[in-house]
Amino acid sequence: MSNLANVVTIARREFTVRLRTRTFLIGTIALVIGVAAIAFVPVIVRYADQSSSQRVAVWTEPGALTSDPAATISVLLNAATGASASITGSKPGFVVTPVPDLAAAREAAGRGEVSAVLGIRRAADGALTFTLYTSDPSTSRVSQLLAQVSTTVAIGDRLDRLGIAPAERATLFAPAAYAVEWLDPARAGPVRGSVEEGTSYLLGFGMTILIFMMIVLYGNWVAMSVVEEKSSRVMEVILNAATPFQLLTGKVLGVGGVALVQYAAILAAGIAAMTAQGPVASLILGEQAGNVSLPAGLTIGVLGILVVYGILGFLLYAVLYAAAGSLVSRQEDVSAAVMPMALVSTAGYLIAIYAATGLFDIRSGWVTVLSQVPFVSPFLMLSRVTAGEAAPLEVVLSIVILVVSIFVCLRIAARIYAAGVLLYGQRPSIRAVWRLIREPG
Amino acid sequence: MALQLEEIRKRFGAVQALDGVTLTVEPGQVFGFLGANGAGKTTTMRVVLGFLRADSGAVTWAGRPAETWPRRTWGYLPEERGLYPRMAVLEQLVFYASLYGVPRATARRDALAWLARFRISEYADRKAESLSKGNQQKVQFIATILHDPDVLLMDEPFSGLDPVNVAMLKAAFLEMRDRGKTLVFSTHQLDMAEELCESVAIIDRGRIVAVGPTRDVKRSTGHQVIRVATAADDDAQWLMALPHITVTRPGEDYTEIRVDANMDPQVILREALAQGREVLRFEVADPSLEDVFVQRVGALDVEERTLAAAPPVRP
């Protein structure tokens with residue numbers, strides 16, 4: 001019997017049996033629903049936001065102004081809050097309506113139909129005066145915004161009275177030339193908008209979580225599956241037919257296949273939900289919604305790198321999870337046996353998250369070095385790639401190191417496994433495991 | 001063309017599990033491997049199958065090192081029975097066989113045939129965990145032989161089986177032997193070994209203490225066994241009074257005595273007639289394997305099979 005045929009047979013059994021279990025089915029459905037729900041969060045948030053527009057009534061003293069200021073105030077108010085329709089496509093934060101009757105408007109405000117009334121009068125010296133009628137504190141957000149807006153309207157009015165043409169006014173208020181450059185003179189390219197620059201932050205964050213989950217969740221499956229074979233004593237039956245190496249490899253590949261199926265389902269659900277957002281948004285919110293799309297930076301290249309690091313990272317950890325599983329005889333002991341792998345993967349995950357979010361400088365030397373170290377490289381290199389900080393050669397090098405480590409770990413794991421699967425009872429000490437690695441049989 | 005073990009030694013830490021195990025199993029034989037718990041039966045089988053590497057010694061089958069034979073040469077029934085609890089019976093039988101390279105269709109056909117012969121066809125699509133223990137053992141036996149191995153190594157195949165299933169398994173054993181297979185099984189049910197095995201080996205603390213054709217092993221004690229029954233009830237008394245004999249089994253139905261192999265048993269018959277007794281039964285036999293076992297392994301086995309002394313009762 002050739003090596004490969006048995007590996008395939010074992011992987012296929014692992015794959016089909018696991019795929020049919022109820023836990024897998026329910027778990028996958030729950031994850032798919034969860035991912036779709038998360039993808040729809042923006043639409044839901046906007047739907048909730050819709051009703052929160054503030055209504056402001058503007059009353060102008062008859063003859064005080066030649067034109068109605070309500071339109072200007074509306075533009076200024078919404079621009080100040082950054083909630084202008086042209087930016088997010090959502091309803092404006094403020095709805096400004098002109099009213100002819102101040103007393104009626106104040107009554108309407110009292111009934112809660114509008115949240116505030118702004119009165120505009122012209123004083124004897126020719127200057128405009130503004131009065132806000134409100135039951136909110138004078139330092140409320142609306143009051144502060146209206147104070148700014150009033151000043152702008154007043155300045156416009158003064159310029160009018162000085163006889164400055166509207167065309168000249170534009171140059172007068174044009175923003176000054178202002179630039180931001182890197183502190184490091186050697187560094188080219190635009191400075192990031194913020195530490196948590198949109199794409200690198202979200203993508204790096206999300207992908208690191210995906211890889212971490214893949215390693216911990218499915219690594220545990222591998223360990224559990226090994227222990228199940230041990231505790232049900234089926235191990236000795238198949239050990240006569242297949243070598244420990246074949247068993248280990250087949251198991252890791254079988255669980256890996258299941259992991260890929262589950263991940264494909266989750267990713268497909270996520271992408272489908274994101275692309276469906278536009279139509280759904282226009283359906284629910286009744287607006288033109290051409291502005292929803294996949295996160296910027298989610299290119300085929302980045303997805304490919306996620307898949308490569310995800311698979312390699314899983315393989316590296318899974319063979320060790322299998323070896324750890326072979327050392328214990330009961331399901332209850334699995335978590336203790338896999339502790340070393342859980343710790344290392346958590347450390348790699350946390351460093352990657354901190355580096356992606358800017359808590360650690362992603363360009364620092366130790367992050368660069370760690371991104372080549374096998375057990376943490378899947379997390380860190382992914383963060384660096386999504387942040388645009390990794391050179392292609394560095395990525396290739398880390399992948400080569402990862403592949404070599406997988407084969408080294410596979411050899412070590414197969415030795416531990418060969419001895420471990422026949423051990424029942426007490427968990428062997430670390431020294432005993434070390435002996436197994438050094439002198440097989 | 002025989003299974004040969006030469007001077008196998010294996011140490012686990014401070015324990016010398018196998019201490020120079022040497023034995024030969026002739027092909028086509030049913031071979032009994034006898035020993036108390038912990039004597040080294042399972043370790044020996046694991047060494048033969050290559051699960052464990054011996055510290056020294058060699059295992060050969062038909063003159064070639066055991067590990068050079070393809071895996072389908074060997075069938076193994078481990079002592080601790082194991083099936084995938086949540087996998088259907090037929091499906092896992094096909095899985096085991098395909099690990100040995102048996103085409104799935106062939107494995108399926110043969111598995112169904114064996115399930116029918118063991119009268120458990122209706123369980124083919126049931127999960128293994130829903131089967132009774134006896135039926136699980138039958139499935140396990142099918143898993144051992146489905147790939148048609150030449151050598152079958154079975155660790156305590158009869159333990160935990162009810163008499164009906166024991167009979168069924170015995171029949172399967174003999175059928176395998178008739179097909180030319182070599183069967184090695186370990187047991188501490190000595191009557192079973194006596195009934196089935198052409199040859200036996202007795203292992204004690206990692207050492208073979210007796211090995212050979214069953215009849216030779218039985219005669220190796222230098223004793224013979226005589227079973228006597230007369231019409232009177234005092235057989236044990238008058239037999240005990242005779243010189244050079246030991247009463248080994250004073251019973252209601254008959255009394256068993258042990259005499260040296262060179263003694264003429266007819267002396268006892270003549271004595272009975274001389275005392276005017278009505279002889280109902282007089283049988284001269286070889287010692288049972290149990291006698292041999294007790295003699296060779298002795299106290300260890302007695303300790304295992306008898307109750308320990310009761311704690312003293314305090315007033």
# chains A, B, ... in the order shown; residues from 1 in each chain; ligands from 1
call {"tool": "residues_around", "arguments": {"residues": "Gly250 in chain A", "least_positions_apart": "4", "cutoff": "9 Å", "atoms": "only C-alpha atoms", "output": "ChimeraX atom specification"}}
result
/A:6-14,245-246,254-255
call {"tool": "closest_atom_pairs", "arguments": {"of": "chain A", "to": "chain B", "cutoff": "12 Å", "atoms": "only C-alpha atoms", "output": "tab-separated table"}}
result
residue	atom	partner	partner_atom	distance
A:Met1	CA	B:Gly101	CA	5.9
A:Ser2	CA	B:Gly101	CA	8.7
A:Asn3	CA	B:Leu99	CA	10.1
A:Leu4	CA	B:Leu99	CA	10.7
A:Ala5	CA	B:Leu99	CA	7.9
A:Asn6	CA	B:Leu99	CA	5.6
A:Val7	CA	B:Leu99	CA	8.9
A:Val8	CA	B:Leu99	CA	9.5
A:Thr9	CA	B:Leu99	CA	6.7
A:Ile10	CA	B:Leu99	CA	7.9
A:Ala11	CA	B:Phe95	CA	11.1
A:Arg12	CA	B:Phe95	CA	9.6
A:Arg13	CA	B:Phe95	CA	7.5
A:Glu14	CA	B:Phe95	CA	10.8
A:Thr16	CA	B:Met87	CA	10.5
A:Val17	CA	B:Met87	CA	7.5
A:Arg18	CA	B:Met87	CA	10.4
A:Arg20	CA	B:Met87	CA	10.4
A:Thr21	CA	B:Arg86	CA	9.3
A:Arg22	CA	B:Arg86	CA	11.7
A:Ser225	CA	B:Tyr84	CA	10.7
A:Val226	CA	B:Tyr84	CA	11.7
A:Val227	CA	B:Tyr84	CA	11.8
A:Glu228	CA	B:Tyr84	CA	8.4
A:Glu229	CA	B:Tyr84	CA	7.2
A:Lys230	CA	B:Gly82	CA	8.8
A:Ser231	CA	B:Gly82	CA	8.6
A:Ser232	CA	B:Gly82	CA	5.3
A:Arg233	CA	B:Gly82	CA	4.3
A:Val234	CA	B:Gly82	CA	4.1
A:Met235	CA	B:Gly82	CA	7.5
A:Glu236	CA	B:Pro78	CA	6.4
A:Val237	CA	B:Pro78	CA	6.8
A:Ile238	CA	B:Tyr96	CA	6.7
A:Leu239	CA	B:Phe51	CA	7.6
A:Asn240	CA	B:Tyr76	CA	6.6
A:Ala241	CA	B:Tyr100	CA	5.8
A:Ala242	CA	B:Leu99	CA	6.7
A:Thr243	CA	B:Phe51	CA	8.8
A:Pro244	CA	B:Phe51	CA	9.2
A:Gln246	CA	B:Leu99	CA	10.3
A:Leu247	CA	B:Leu99	CA	10.5
A:Gly250	CA	B:Leu99	CA	11.6
A:Arg415	CA	B:Phe51	CA	12.0
A:Tyr417	CA	B:Phe51	CA	11.5
A:Ala418	CA	B:Phe51	CA	7.9
A:Ala419	CA	B:Leu52	CA	8.2
A:Gly420	CA	B:Phe51	CA	11.2
A:Val421	CA	B:Phe51	CA	9.9
A:Leu422	CA	B:Phe51	CA	8.4
A:Leu423	CA	B:Leu52	CA	11.5
A:Tyr424	CA	B:Glu80	CA	11.5
A:Ala432	CA	B:Gly13	CA	10.5
A:Arg435	CA	B:Gly13	CA	11.7
A:Glu439	CA	B:Arg53	CA	11.3
A:Pro440	CA	B:Arg53	CA	8.7
A:Gly441	CA	B:Arg53	CA	5.3
call {"tool": "residues_around", "arguments": {"residues": "range 185-187 of chain B", "least_positions_apart": "5", "cutoff": "8 Å", "atoms": "only C-alpha atoms", "output": "PyMOL selection string"}}
result
chain B and resi 30-35+41+152-159+193
call {"tool": "atom_distance", "arguments": {"atom1": "CA of Pro65 in chain B", "atom2": "CA of Val211 in chain B"}}
result
21.7 Å
call {"tool": "closest_residue", "arguments": {"among": "A:Val376, A:Ile416, A:Thr357, A:Val396", "to": "Leu327 in chain A", "atoms": "only C-alpha atoms"}}
result
A:Ile416
call {"tool": "residues_around", "arguments": {"residues": "Ala231 in chain B", "least_positions_apart": "2", "cutoff": "7 Å", "atoms": "only C-alpha atoms", "output": "PyMOL selection string"}}
result
chain B and resi 229+233+278-280
call {"tool": "residues_around", "arguments": {"residues": "Thr151 in chain A", "least_positions_apart": "2", "cutoff": "12 Å", "atoms": "only C-alpha atoms", "output": "PDB file with N, CA and C atoms, in the first residue's frame"}}
result
ATOM      1  N   ILE A  73     -28.168  78.154   6.058  1.00  0.00           N
ATOM      2  CA  ILE A  73     -27.962  77.590   7.401  1.00  0.00           C
ATOM      3  C   ILE A  73     -27.961  76.067   7.337  1.00  0.00           C
ATOM      4  N   LEU A  76     -24.630  74.926   5.946  1.00  0.00           N
ATOM      5  CA  LEU A  76     -23.563  75.154   6.918  1.00  0.00           C
ATOM      6  C   LEU A  76     -23.650  74.177   8.097  1.00  0.00           C
ATOM      7  N   LEU A  77     -24.866  73.993   8.585  1.00  0.00           N
ATOM      8  CA  LEU A  77     -25.084  73.126   9.757  1.00  0.00           C
ATOM      9  C   LEU A  77     -24.668  71.682   9.456  1.00  0.00           C
ATOM     10  N   ILE A 120     -33.887  85.639  13.673  1.00  0.00           N
ATOM     11  CA  ILE A 120     -32.909  86.563  13.111  1.00  0.00           C
ATOM     12  C   ILE A 120     -33.542  87.957  13.008  1.00  0.00           C
ATOM     13  N   ALA A 127     -26.326  95.670  12.302  1.00  0.00           N
ATOM     14  CA  ALA A 127     -25.797  94.304  12.445  1.00  0.00           C
ATOM     15  C   ALA A 127     -26.929  93.312  12.670  1.00  0.00           C
ATOM     16  N   LEU A 128     -26.719  92.079  12.248  1.00  0.00           N
ATOM     17  CA  LEU A 128     -27.715  91.029  12.460  1.00  0.00           C
ATOM     18  C   LEU A 128     -27.590  90.508  13.883  1.00  0.00           C
ATOM     19  N   THR A 129     -28.737  90.237  14.528  1.00  0.00           N
ATOM     20  CA  THR A 129     -28.699  89.577  15.841  1.00  0.00           C
ATOM     21  C   THR A 129     -29.430  88.250  15.727  1.00  0.00           C
ATOM     22  N   PHE A 130     -28.908  87.286  16.448  1.00  0.00           N
ATOM     23  CA  PHE A 130     -29.464  85.920  16.400  1.00  0.00           C
ATOM     24  C   PHE A 130     -29.916  85.522  17.796  1.00  0.00           C
ATOM     25  N   GLN A 144     -24.169  75.320  20.119  1.00  0.00           N
ATOM     26  CA  GLN A 144     -22.794  75.641  19.707  1.00  0.00           C
ATOM     27  C   GLN A 144     -22.684  75.703  18.189  1.00  0.00           C
ATOM     28  N   LEU A 145     -23.312  74.740  17.529  1.00  0.00           N
ATOM     29  CA  LEU A 145     -23.247  74.719  16.067  1.00  0.00           C
ATOM     30  C   LEU A 145     -23.927  75.955  15.490  1.00  0.00           C
ATOM     31  N   LEU A 146     -25.080  76.292  16.058  1.00  0.00           N
ATOM     32  CA  LEU A 146     -25.812  77.438  15.536  1.00  0.00           C
ATOM     33  C   LEU A 146     -25.058  78.741  15.773  1.00  0.00           C
ATOM     34  N   ALA A 147     -24.278  78.816  16.868  1.00  0.00           N
ATOM     35  CA  ALA A 147     -23.462  80.005  17.137  1.00  0.00           C
ATOM     36  C   ALA A 147     -22.442  80.193  16.011  1.00  0.00           C
ATOM     37  N   GLN A 148     -21.764  79.050  15.636  1.00  0.00           N
ATOM     38  CA  GLN A 148     -20.790  79.112  14.536  1.00  0.00           C
ATOM     39  C   GLN A 148     -21.468  79.553  13.235  1.00  0.00           C
ATOM     40  N   VAL A 149     -22.597  78.876  12.965  1.00  0.00           N
ATOM     41  CA  VAL A 149     -23.302  79.143  11.707  1.00  0.00           C
ATOM     42  C   VAL A 149     -23.758  80.598  11.658  1.00  0.00           C
ATOM     43  N   VAL A 153     -23.040  83.483   8.826  1.00  0.00           N
ATOM     44  CA  VAL A 153     -24.103  84.230   8.146  1.00  0.00           C
ATOM     45  C   VAL A 153     -23.886  85.734   8.353  1.00  0.00           C
ATOM     46  N   ALA A 154     -23.500  86.120   9.586  1.00  0.00           N
ATOM     47  CA  ALA A 154     -23.287  87.528   9.909  1.00  0.00           C
ATOM     48  C   ALA A 154     -22.132  88.099   9.089  1.00  0.00           C
ATOM     49  N   ILE A 155     -21.032  87.333   8.963  1.00  0.00           N
ATOM     50  CA  ILE A 155     -19.888  87.789   8.166  1.00  0.00           C
ATOM     51  C   ILE A 155     -20.314  88.018   6.724  1.00  0.00           C
ATOM     52  N   GLY A 156     -21.100  87.070   6.188  1.00  0.00           N
ATOM     53  CA  GLY A 156     -21.601  87.219   4.817  1.00  0.00           C
ATOM     54  C   GLY A 156     -22.395  88.522   4.673  1.00  0.00           C
ATOM     55  N   ASP A 157     -23.229  88.755   5.681  1.00  0.00           N
ATOM     56  CA  ASP A 157     -24.072  89.953   5.652  1.00  0.00           C
ATOM     57  C   ASP A 157     -23.215  91.217   5.678  1.00  0.00           C
ATOM     58  N   ARG A 158     -22.125  91.228   6.560  1.00  0.00           N
ATOM     59  CA  ARG A 158     -21.240  92.394   6.645  1.00  0.00           C
ATOM     60  C   ARG A 158     -20.554  92.632   5.314  1.00  0.00           C
TER      61      ARG A 158
END
call {"tool": "residues_around", "arguments": {"residues": "Val139 in chain B", "least_positions_apart": "2", "cutoff": "9 Å", "atoms": "only C-alpha atoms", "output": "list in words"}}
result
Leu83, Val89, Leu90, Leu93, Trp114, Leu115, Phe118, Ile120, Ala128, Gly134, Asn135, Gln136, Gln137, Phe141, Ile142, Ala143 and Thr144 of chain B
call {"tool": "atom_distance", "arguments": {"atom1": "CA of Val95 in chain A", "atom2": "CA of Asn78 in chain A"}}
result
8.7 Å
